[in-house]
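The next block is work_17.cif, given as mmCIF, C-alpha atoms.
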```cif
data_model
loop_
_atom_site.label_atom_id
_atom_site.label_comp_id
_atom_site.auth_asym_id
_atom_site.auth_seq_id
_atom_site.Cartn_x
_atom_site.Cartn_y
_atom_site.Cartn_z
CA MET J 1 15.24 -39.33 -41.02
CA SER J 2 14.54 -42.70 -39.49
CA ARG J 3 16.49 -45.79 -40.44
CA VAL J 4 13.25 -47.44 -41.67
CA ARG J 5 12.45 -44.53 -43.95
CA LYS J 6 16.02 -44.45 -45.33
CA THR J 7 15.83 -48.15 -46.02
CA SER J 8 12.49 -47.72 -47.83
CA ILE J 9 13.91 -44.97 -50.04
CA VAL J 10 16.94 -47.12 -50.94
CA VAL J 11 14.74 -50.11 -51.76
CA PHE J 12 12.45 -47.92 -53.90
CA ALA J 13 15.44 -46.50 -55.78
CA LEU J 14 16.81 -49.96 -56.43
CA LEU J 15 13.42 -51.06 -57.75
CA LEU J 16 13.35 -48.10 -60.13
CA LEU J 17 16.80 -49.01 -61.42
CA ALA J 18 15.77 -52.64 -61.90
CA VAL J 19 12.63 -51.68 -63.80
CA SER J 20 14.51 -49.23 -66.01
CA ALA J 21 16.98 -51.98 -66.88
CA ILE J 22 14.18 -54.17 -68.33
CA PRO J 23 13.76 -53.37 -72.04
CA ALA J 24 10.28 -52.10 -72.87
CA PHE J 25 8.20 -54.08 -75.36
CA ALA J 26 9.02 -52.74 -78.79
CA GLU J 27 6.93 -52.95 -81.93
CA PRO J 28 8.67 -54.58 -84.90
CA LYS J 29 10.57 -52.03 -86.94
CA TYR J 30 9.43 -53.58 -90.23
CA MET J 31 6.06 -55.05 -91.17
CA TRP J 32 4.96 -57.36 -93.97
CA LYS J 33 1.26 -57.89 -94.69
CA VAL J 34 0.74 -61.30 -96.27
CA GLY J 35 -2.22 -62.73 -98.18
CA THR J 36 -2.89 -66.45 -98.62
CA LEU J 37 -5.68 -68.82 -99.60
CA ALA J 38 -4.61 -71.24 -96.84
CA PRO J 39 -7.42 -71.58 -94.27
CA LYS J 40 -6.20 -70.80 -90.74
CA GLY J 41 -5.56 -73.92 -88.67
CA VAL J 42 -5.29 -76.30 -91.63
CA GLY J 43 -2.24 -77.74 -93.39
CA TRP J 44 -0.02 -75.03 -94.80
CA ALA J 45 -1.35 -72.46 -92.31
CA ILE J 46 -0.22 -74.64 -89.42
CA GLN J 47 3.29 -74.79 -90.84
CA VAL J 48 3.32 -71.05 -91.49
CA GLU J 49 2.51 -70.49 -87.81
CA HIS J 50 4.72 -73.23 -86.34
CA VAL J 51 7.67 -73.24 -88.75
CA LEU J 52 7.85 -70.12 -90.91
CA LEU J 53 6.89 -67.34 -88.50
CA PRO J 54 9.24 -68.51 -85.70
CA TYR J 55 12.00 -68.80 -88.31
CA ILE J 56 11.45 -65.23 -89.48
CA ALA J 57 11.31 -63.96 -85.89
CA GLN J 58 14.56 -65.76 -85.04
CA LYS J 59 16.43 -64.58 -88.13
CA THR J 60 15.33 -60.95 -87.76
CA SER J 61 15.50 -60.64 -83.95
CA SER J 62 11.69 -60.16 -83.99
CA GLN J 63 12.15 -56.88 -85.83
CA LEU J 64 10.18 -58.07 -88.87
CA GLY J 65 6.49 -58.34 -88.02
CA ILE J 66 4.12 -60.49 -90.10
CA LYS J 67 0.38 -59.89 -90.44
CA VAL J 68 -1.29 -62.80 -92.26
CA TYR J 69 -4.67 -62.57 -93.98
CA TRP J 70 -5.84 -66.19 -94.09
CA GLY J 71 -8.34 -68.14 -96.14
CA GLY J 72 -8.74 -65.86 -99.14
CA VAL J 73 -10.14 -62.87 -97.23
CA MET J 74 -7.97 -60.67 -99.49
CA GLY J 75 -9.09 -62.48 -102.64
CA ASP J 76 -7.15 -65.10 -104.61
CA ASP J 77 -3.59 -65.24 -105.90
CA GLY J 78 -4.29 -62.77 -108.70
CA ASP J 79 -5.61 -60.28 -106.16
CA TYR J 80 -2.59 -60.74 -103.86
CA ILE J 81 -0.21 -60.11 -106.72
CA LYS J 82 -2.04 -56.92 -107.73
CA LYS J 83 -2.06 -55.74 -104.11
CA MET J 84 1.65 -56.52 -103.74
CA ARG J 85 2.45 -54.52 -106.88
CA ILE J 86 0.75 -51.41 -105.44
CA GLY J 87 2.06 -51.89 -101.89
CA GLN J 88 -1.13 -52.95 -100.09
CA LEU J 89 0.55 -56.28 -99.36
CA GLN J 90 4.27 -56.94 -99.08
CA ALA J 91 4.24 -60.72 -99.38
CA GLY J 92 2.08 -63.69 -100.31
CA GLY J 93 1.76 -67.39 -99.71
CA ILE J 94 0.70 -68.35 -103.20
CA THR J 95 -0.36 -71.47 -105.05
CA ALA J 96 0.91 -72.77 -108.36
CA GLN J 97 -1.64 -70.51 -110.05
CA GLY J 98 0.00 -67.45 -108.53
CA ALA J 99 3.44 -68.72 -109.46
CA ILE J 100 2.44 -68.79 -113.14
CA ILE J 101 0.81 -65.36 -112.91
CA ILE J 102 4.10 -63.87 -111.74
CA SER J 103 6.42 -65.92 -113.91
CA LYS J 104 4.80 -68.27 -116.42
CA GLU J 105 8.00 -70.35 -116.61
CA TRP J 106 6.87 -72.09 -113.40
CA ALA J 107 4.56 -74.15 -115.62
CA VAL J 108 7.57 -76.28 -116.57
CA VAL J 109 7.52 -78.05 -113.18
CA GLU J 110 3.75 -78.55 -113.46
CA ILE J 111 3.80 -80.60 -116.67
CA PRO J 112 1.59 -83.68 -116.26
CA PHE J 113 3.44 -86.73 -114.92
CA LEU J 114 6.80 -84.92 -115.02
CA PHE J 115 7.81 -86.12 -111.55
CA ASN J 116 7.51 -89.62 -110.17
CA ASN J 117 7.89 -88.67 -106.50
CA TYR J 118 8.92 -85.96 -104.07
CA ALA J 119 12.56 -87.03 -104.10
CA GLU J 120 12.71 -85.87 -107.72
CA VAL J 121 10.99 -82.61 -106.80
CA ASP J 122 13.55 -81.98 -104.06
CA TYR J 123 16.39 -82.65 -106.48
CA ILE J 124 15.10 -80.12 -109.02
CA ARG J 125 14.38 -77.59 -106.27
CA GLY J 126 17.95 -77.88 -105.04
CA LYS J 127 19.40 -77.54 -108.53
CA MET J 128 17.14 -74.78 -109.83
CA PHE J 129 15.99 -72.62 -106.93
CA HIS J 130 18.24 -69.75 -107.94
CA ASN J 131 17.09 -69.97 -111.57
CA PHE J 132 13.47 -69.51 -110.55
CA ASP J 133 14.39 -66.84 -108.02
CA ALA J 134 16.06 -64.86 -110.81
CA MET J 135 12.96 -65.23 -113.01
CA MET J 136 10.77 -63.95 -110.18
CA GLN J 137 13.03 -61.00 -109.41
CA LYS J 138 12.74 -59.82 -113.02
CA GLU J 139 9.00 -59.59 -112.38
CA GLY J 140 9.40 -57.65 -109.12
CA PHE J 141 9.32 -60.47 -106.56
CA LYS J 142 11.81 -62.26 -104.33
CA LEU J 143 11.35 -66.03 -103.98
CA LEU J 144 11.70 -66.57 -100.25
CA LEU J 145 10.61 -70.23 -100.12
CA TRP J 146 9.64 -72.83 -102.71
CA ILE J 147 7.43 -75.27 -100.84
CA ASP J 148 4.70 -77.69 -102.04
CA GLN J 149 1.04 -77.47 -102.79
CA ASP J 150 0.73 -81.23 -103.37
CA PHE J 151 0.79 -83.88 -106.00
CA ASP J 152 -2.73 -82.76 -106.84
CA LYS J 153 -5.42 -85.40 -107.30
CA LEU J 154 -8.64 -85.57 -109.35
CA TYR J 155 -11.85 -85.35 -107.31
CA SER J 156 -15.27 -85.89 -108.86
CA VAL J 157 -18.92 -85.82 -107.82
CA ARG J 158 -20.97 -87.58 -110.50
CA LYS J 159 -18.75 -90.41 -111.73
CA PRO J 160 -15.25 -91.87 -111.35
CA LEU J 161 -12.58 -90.45 -113.65
CA ALA J 162 -10.43 -93.55 -114.05
CA LYS J 163 -10.37 -94.25 -117.80
CA LEU J 164 -9.77 -91.80 -120.63
CA ALA J 165 -13.36 -92.30 -121.82
CA ASP J 166 -14.63 -91.11 -118.42
CA TYR J 167 -13.34 -87.60 -119.09
CA ARG J 168 -15.31 -87.09 -122.28
CA GLY J 169 -17.58 -84.08 -121.68
CA ALA J 170 -16.96 -84.00 -117.91
CA LYS J 171 -17.26 -80.46 -116.53
CA VAL J 172 -13.95 -79.96 -114.73
CA VAL J 173 -12.93 -76.80 -112.91
CA THR J 174 -9.99 -74.92 -114.37
CA TRP J 175 -8.37 -72.26 -112.18
CA TYR J 176 -4.71 -72.98 -112.64
CA GLY J 177 -3.89 -71.36 -115.95
CA PRO J 178 -3.37 -72.31 -119.62
CA LEU J 179 -1.44 -75.50 -118.88
CA GLU J 180 -4.32 -76.98 -116.91
CA GLU J 181 -6.81 -75.98 -119.58
CA ARG J 182 -4.70 -77.69 -122.25
CA VAL J 183 -4.48 -80.85 -120.12
CA LEU J 184 -8.23 -80.99 -119.60
CA THR J 185 -8.96 -80.36 -123.27
CA ARG J 186 -6.60 -83.14 -124.32
CA LEU J 187 -8.35 -85.50 -121.91
CA GLY J 188 -11.65 -84.68 -123.62
CA ALA J 189 -13.12 -82.83 -120.64
CA SER J 190 -15.01 -79.54 -120.73
CA PRO J 191 -12.97 -76.98 -118.74
CA VAL J 192 -15.06 -74.62 -116.57
CA PRO J 193 -13.10 -71.49 -115.54
CA ILE J 194 -13.80 -70.70 -111.88
CA ALA J 195 -11.89 -68.56 -109.35
CA VAL J 196 -10.60 -70.53 -106.37
CA PRO J 197 -12.89 -68.92 -103.74
CA GLU J 198 -15.92 -69.98 -105.85
CA ILE J 199 -14.86 -73.56 -106.62
CA SER J 200 -16.59 -75.14 -103.65
CA ALA J 201 -19.93 -73.39 -104.28
CA SER J 202 -19.72 -74.12 -108.01
CA ILE J 203 -19.29 -77.85 -107.50
CA ARG J 204 -22.01 -77.96 -104.86
CA SER J 205 -24.42 -76.21 -107.23
CA GLY J 206 -23.58 -78.44 -110.21
CA ILE J 207 -21.84 -75.81 -112.34
CA ALA J 208 -18.85 -78.17 -112.34
CA GLU J 209 -18.51 -81.81 -111.35
CA ALA J 210 -14.79 -82.33 -110.80
CA THR J 211 -11.59 -80.53 -109.89
CA ILE J 212 -7.85 -81.16 -109.65
CA ALA J 213 -6.81 -80.08 -106.16
CA PRO J 214 -4.55 -80.68 -103.15
CA ALA J 215 -5.92 -82.91 -100.40
CA ILE J 216 -5.47 -80.26 -97.70
CA TRP J 217 -7.66 -77.83 -99.64
CA MET J 218 -10.36 -80.45 -100.15
CA VAL J 219 -10.57 -80.97 -96.38
CA GLY J 220 -10.17 -77.31 -95.45
CA SER J 221 -12.96 -76.25 -97.83
CA GLN J 222 -15.23 -79.10 -96.64
CA MET J 223 -15.33 -80.48 -100.18
CA HIS J 224 -14.77 -83.99 -98.83
CA SER J 225 -18.47 -84.03 -97.94
CA VAL J 226 -19.41 -83.45 -101.60
CA ALA J 227 -16.85 -85.29 -103.74
CA LYS J 228 -17.54 -89.01 -104.07
CA TYR J 229 -14.46 -90.18 -105.97
CA VAL J 230 -10.74 -89.50 -106.01
CA ASN J 231 -8.29 -90.56 -108.69
CA PRO J 232 -4.96 -90.53 -106.80
CA MET J 233 -2.64 -90.73 -109.82
CA ASN J 234 0.03 -88.01 -109.55
CA ILE J 235 -1.25 -86.11 -112.59
CA ARG J 236 0.79 -83.05 -111.63
CA TYR J 237 3.14 -81.68 -109.05
CA ALA J 238 2.05 -78.26 -107.83
CA PRO J 239 4.51 -75.92 -106.13
CA ALA J 240 3.56 -73.35 -103.51
CA LEU J 241 5.65 -70.25 -102.92
CA ILE J 242 6.35 -67.68 -100.25
CA VAL J 243 7.18 -64.48 -102.13
CA VAL J 244 7.91 -60.91 -101.11
CA THR J 245 8.12 -57.84 -103.29
CA ASN J 246 11.61 -56.73 -104.27
CA LYS J 247 10.85 -53.38 -102.64
CA ALA J 248 9.90 -54.89 -99.27
CA TRP J 249 12.87 -57.26 -99.43
CA GLN J 250 15.33 -54.44 -100.01
CA GLU J 251 13.82 -52.35 -97.20
CA ILE J 252 14.90 -54.78 -94.48
CA PRO J 253 18.57 -54.74 -93.40
CA GLU J 254 21.07 -56.76 -95.42
CA ALA J 255 21.91 -58.76 -92.30
CA PHE J 256 18.28 -59.90 -92.09
CA ARG J 257 18.22 -60.83 -95.78
CA LYS J 258 21.37 -62.90 -95.44
CA ALA J 259 20.08 -64.60 -92.29
CA LEU J 260 16.75 -65.51 -93.92
CA GLU J 261 18.53 -67.00 -96.93
CA SER J 262 21.13 -68.85 -94.88
CA GLY J 263 18.51 -71.04 -93.20
CA ARG J 264 16.28 -71.52 -96.22
CA ASP J 265 17.14 -75.15 -96.92
CA ASP J 266 16.41 -76.24 -93.36
CA VAL J 267 13.11 -74.37 -93.05
CA THR J 268 12.04 -75.65 -96.49
CA ARG J 269 12.76 -79.23 -95.44
CA ARG J 270 10.80 -78.90 -92.20
CA PHE J 271 7.90 -77.14 -93.92
CA THR J 272 7.59 -79.59 -96.81
CA GLU J 273 7.97 -82.69 -94.66
CA ALA J 274 5.08 -81.53 -92.51
CA THR J 275 2.76 -80.49 -95.36
CA ARG J 276 3.40 -83.73 -97.26
CA LYS J 277 2.33 -85.68 -94.20
CA ASP J 278 -0.69 -83.39 -93.82
CA ASN J 279 -1.75 -84.01 -97.43
CA ASP J 280 -1.41 -87.76 -96.92
CA ARG J 281 -3.42 -87.60 -93.70
CA CYS J 282 -6.13 -85.55 -95.38
CA LEU J 283 -6.42 -88.04 -98.24
CA ASP J 284 -6.60 -90.95 -95.80
CA ALA J 285 -9.24 -89.13 -93.76
CA MET J 286 -11.39 -88.55 -96.85
CA LEU J 287 -11.17 -92.22 -97.76
CA ARG J 288 -12.23 -93.16 -94.23
CA TYR J 289 -15.08 -90.67 -94.52
CA GLY J 290 -16.40 -92.66 -97.47
CA MET J 291 -14.78 -91.22 -100.59
CA GLN J 292 -13.99 -93.94 -103.14
CA LYS J 293 -10.48 -94.32 -104.57
CA VAL J 294 -10.52 -95.10 -108.31
CA MET J 295 -6.92 -95.69 -109.41
CA PRO J 296 -6.70 -96.37 -113.16
CA ALA J 297 -5.71 -99.84 -114.28
CA PRO J 298 -2.14 -99.90 -115.65
CA LYS J 299 -3.30 -99.91 -119.30
CA ASP J 300 -5.70 -97.01 -118.64
CA LEU J 301 -3.00 -95.02 -116.86
CA GLU J 302 -0.63 -95.55 -119.80
CA GLU J 303 -3.33 -94.36 -122.21
CA ILE J 304 -3.84 -91.20 -120.15
CA LYS J 305 -0.09 -90.58 -120.05
CA ARG J 306 0.23 -91.07 -123.83
CA THR J 307 -2.63 -88.66 -124.41
CA LEU J 308 -0.98 -85.98 -122.27
CA ALA J 309 2.61 -86.58 -123.41
CA PRO J 310 2.52 -83.92 -126.18
CA VAL J 311 1.53 -81.17 -123.72
CA ALA J 312 5.13 -80.49 -122.63
CA GLN J 313 6.22 -79.58 -126.17
CA GLU J 314 2.96 -77.84 -127.03
CA MET J 315 3.56 -75.24 -124.30
CA VAL J 316 7.14 -74.44 -125.39
CA GLY J 317 7.30 -70.80 -126.39
CA ASN J 318 3.92 -70.14 -124.83
CA LEU J 319 4.78 -70.68 -121.16
CA TYR J 320 8.46 -71.58 -121.02
CA PRO J 321 11.42 -71.70 -123.40
CA LYS J 322 12.64 -74.97 -124.85
CA SER J 323 15.97 -74.50 -123.05
CA LEU J 324 14.25 -74.50 -119.65
CA LEU J 325 12.26 -77.64 -120.46
CA GLU J 326 15.44 -79.37 -121.62
CA GLU J 327 17.32 -78.30 -118.48
CA VAL J 328 14.63 -79.70 -116.16
CA THR J 329 14.15 -82.95 -118.07
CA GLY J 330 17.92 -83.34 -118.43
CA LEU J 331 18.47 -82.99 -114.69
CA LEU J 332 15.71 -85.52 -114.03
CA ALA J 333 17.26 -87.98 -116.48
CA GLU J 334 20.62 -87.50 -114.76
CA TYR J 335 19.05 -88.11 -111.34
CA ARG J 336 17.24 -91.24 -112.49
CA LYS J 337 20.34 -92.60 -114.18
CA LYS J 338 22.10 -92.39 -110.82
CA GLY J 339 19.33 -94.48 -109.31
CA GLY J 340 17.53 -91.54 -107.72
CA ARG J 341 20.43 -90.61 -105.50
#
```

For this file, write the structure as C-alpha cells.
Amino acid sequence: MSRVRKTSIVVFALLLLAVSAIPAFAEPKYMWKVGTLAPKGVGWAIQVEHVLLPYIAQKTSSQLGIKVYWGGVMGDDGDYIKKMRIGQLQAGGITAQGAIIISKEWAVVEIPFLFNNYAEVDYIRGKMFHNFDAMMQKEGFKLLLWIDQDFDKLYSVRKPLAKLADYRGAKVVTWYGPLEERVLTRLGASPVPIAVPEISASIRSGIAEATIAPAIWMVGSQMHSVAKYVNPMNIRYAPALIVVTNKAWQEIPEAFRKALESGRDDVTRRFTEATRKDNDRCLDAMLRYGMQKVMPAPKDLEEIKRTLAPVAQEMVGNLYPKSLLEEVTGLLAEYRKKGGR
C-alpha cells in the first residue's frame, strides 16, 4: 500500500472520529404548547421571545421545548384554560381575565385605584407571590411568572369619558369578569359583554363605543385608528400571568423546576421593565397619531374614585375573602407609611 493511500486512510479515520465526537442535534425531551392572546412581534410577545424563552432554554439545558400559539389563534383565555385542563395545551400566557377564571381571588389586585404606581405593585408581588401561587395550584395550575398587563386605560370612540356624567349610558365593553362589570355599572355605563377576539370588530361596527384596555393591545389590534379619546387615569392595575398545568410542571425534572424558580425574580424584573416601557411607548405613539388625552380634572377624578370606592367591599365573599383584601391593603398601608421604600 502506498504511503499516500495510507495517509488518506488515516486522515479519513480521524475525520470519522471527529464527526462522531460532535453531539447530534437532539429534540427537546419535554414540550409545552402555549396559548396566548399576545400578537406576535408586539409588546409582551417580544419579551416572551427575547426574555422568557431564552431563560427557559438556559435553565433547562434546552431540554424543554416551547411551542407558542400567538394572537388568539387558539381562542381566548377561557379556551386556553379549558385546553390546558384536558392536556391540549400545557401552559398559557394569560391576561387578568384568565387569572380570575382560574382563581377568582386575583380580583383583589384589580380593584379600581388600588395601586398608585408600579412600585406598589412590585412590593405586593414580592410579598404575596407564594400566596397566589398556592391559590393557583389548588385549581390545577403552577404560577410560573406574575408579570403585567398594564395600568389599563379607558379608550372611547364617540365622546371623551372624563367626568362621571360622561359614562351615563355609554356602551362599554366588558370582557374581564364580574369586577369590571360592577365598576362599569357603578359608573353609570351600559356594560356590553364581548369576547376579546371580537372587541375590535364590535367597536368598529358600533356595538360598543369604549373599552378598558392595555396600550399594547390597542396598538397591536390596530384600535388606535378607531379610538378618538383616551382617559389615562390608572383606573385599574391588570396582572398578566405565565401559568403551566400542575401535571406538566411535575413531569419535568425537579432540577429544572428548581432552576426555573431560582431565577424568577430576575426574569420578572427584566420582563416587566420592558413591557412597561412598551406600554408607555404605545400610548405616546397613539397620542402622536392623533388620539386625544382627556385626563379628568382633580374634582372629577375624586368624584369617580368616591363612586367606585365601595366596590372593594362589595366583592368580598363573591370574588375574594375579607382576609385577603385586608392583607393586601394592610401591606400597601405599611409600604406607604415607610415612604414607599

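Using all atoms listed in the file, the smallest distance between any of J:Gln63, J:Gln149, J:Asn117, J:Ser103 and J:Thr272 comes from J:Gln149.
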
**OP:** Quick one: apply the PyMOL selection byres ((chain J and resi 188) around 9) to the file and drop the selected residues here as an MDAnalysis selection string.
**Re:** chainID J and resid 164:170 183:187 189:190

Original post:
Could you name the residues that touch stretch 119-125 of chain J at 8 Å or less, counting all atoms listed in the file, but leaving out those on the same chain fewer than 2 positions away, as a ChimeraX atom specification?
Top reply: /J:115-117,127-129,146,328,331-332,335,340

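For the structure shown here, the set of residues caught by the PyMOL selection byres ((chain J and resi 80) around 10) is Val34, Gly35, Thr36, Leu37, Gly72, Met74, Gly75, Asp76, Asp77, Gly78, Asp79, Ile81, Lys82, Lys83, Met84, Arg85, Gln88, Leu89, Gln90, Ala91, Gly92, Gly93, Ile94 and Gly98 of chain J.
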
**OP:** With the file shown as input, list the residues that the PyMOL selection byres ((chain J and resi 135) around 12) selects, as a ChimeraX atom specification.
**Re:** /J:99-100,102-106,128-134,136-143,320,324

Based on the selection just made, write C-alpha atoms of those residues as a JSON list (two decimals), in the coordinates of the input.
```json
[["chain", "number", "residue", "atom", "x", "y", "z"],
["J", 99, "ALA", "CA", 3.44, -68.72, -109.46],
["J", 100, "ILE", "CA", 2.44, -68.79, -113.14],
["J", 102, "ILE", "CA", 4.10, -63.87, -111.74],
["J", 103, "SER", "CA", 6.42, -65.92, -113.91],
["J", 104, "LYS", "CA", 4.80, -68.27, -116.42],
["J", 105, "GLU", "CA", 8.00, -70.35, -116.61],
["J", 106, "TRP", "CA", 6.87, -72.09, -113.40],
["J", 128, "MET", "CA", 17.14, -74.78, -109.83],
["J", 129, "PHE", "CA", 15.99, -72.62, -106.93],
["J", 130, "HIS", "CA", 18.24, -69.75, -107.94],
["J", 131, "ASN", "CA", 17.09, -69.97, -111.57],
["J", 132, "PHE", "CA", 13.47, -69.51, -110.55],
["J", 133, "ASP", "CA", 14.39, -66.84, -108.02],
["J", 134, "ALA", "CA", 16.06, -64.86, -110.81],
["J", 136, "MET", "CA", 10.77, -63.95, -110.18],
["J", 137, "GLN", "CA", 13.03, -61.00, -109.41],
["J", 138, "LYS", "CA", 12.74, -59.82, -113.02],
["J", 139, "GLU", "CA", 9.00, -59.59, -112.38],
["J", 140, "GLY", "CA", 9.40, -57.65, -109.12],
["J", 141, "PHE", "CA", 9.32, -60.47, -106.56],
["J", 142, "LYS", "CA", 11.81, -62.26, -104.33],
["J", 143, "LEU", "CA", 11.35, -66.03, -103.98],
["J", 320, "TYR", "CA", 8.46, -71.58, -121.02],
["J", 324, "LEU", "CA", 14.25, -74.50, -119.65]]
```

**OP:** Can you work out the spacing between atom CA of J:Pro28 and atom CA of J:Leu64 in Å, to one decimal?
**Re:** 5.5 Å

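Omitting J:Tyr229 and its sequence neighbours fewer than 4 positions away, and counting all atoms listed in the file, the residues within 12 Å are Lys153, Leu154, Tyr155, Ser156, Val157, Arg158, Lys159, Pro160, Leu161, Ala162, Glu209, Ala210, Thr211, Ile212, Met223, His224, Ser225, Leu283, Met286, Leu287, Tyr289, Gly290, Met291, Gln292, Lys293, Val294 and Met295 of chain J.
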
Subject >> Residues near J:Ile252, cut-off 10 Å, only C-alpha atoms, skip fewer than 2 positions along chain, as a PyMOL selection string >> reply: chain J and resi 29-31+60+63-64+247-250+254-257

Subject >> Contacts of J:Asp148 at 12 Å (only C-alpha atoms; same-chain gap of 5+ positions) as a PyMOL selection string >> reply: chain J and resi 43-44+47+93-96+99+109-110+118+121-122+125+214-216+236-242+268-279

Original post:
From the set J:Gly220, J:Val173, J:Tyr55, J:Met233, which residue has the shortest atom-to-atom contact distance to J:Ile207, counting all atoms listed in the file?
Top reply: J:Val173

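When only C-alpha atoms are used to compute distances to J:Asp280, the closest of the residues J:Met218, J:Val108, J:Ile235, J:Val243 turns out to be J:Met218.
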
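Closest approach to J:Ile66 from the set J:Phe113, J:Ala38, J:Val244, J:Ala201 is made by J:Val244, with distances taken over all atoms listed in the file.
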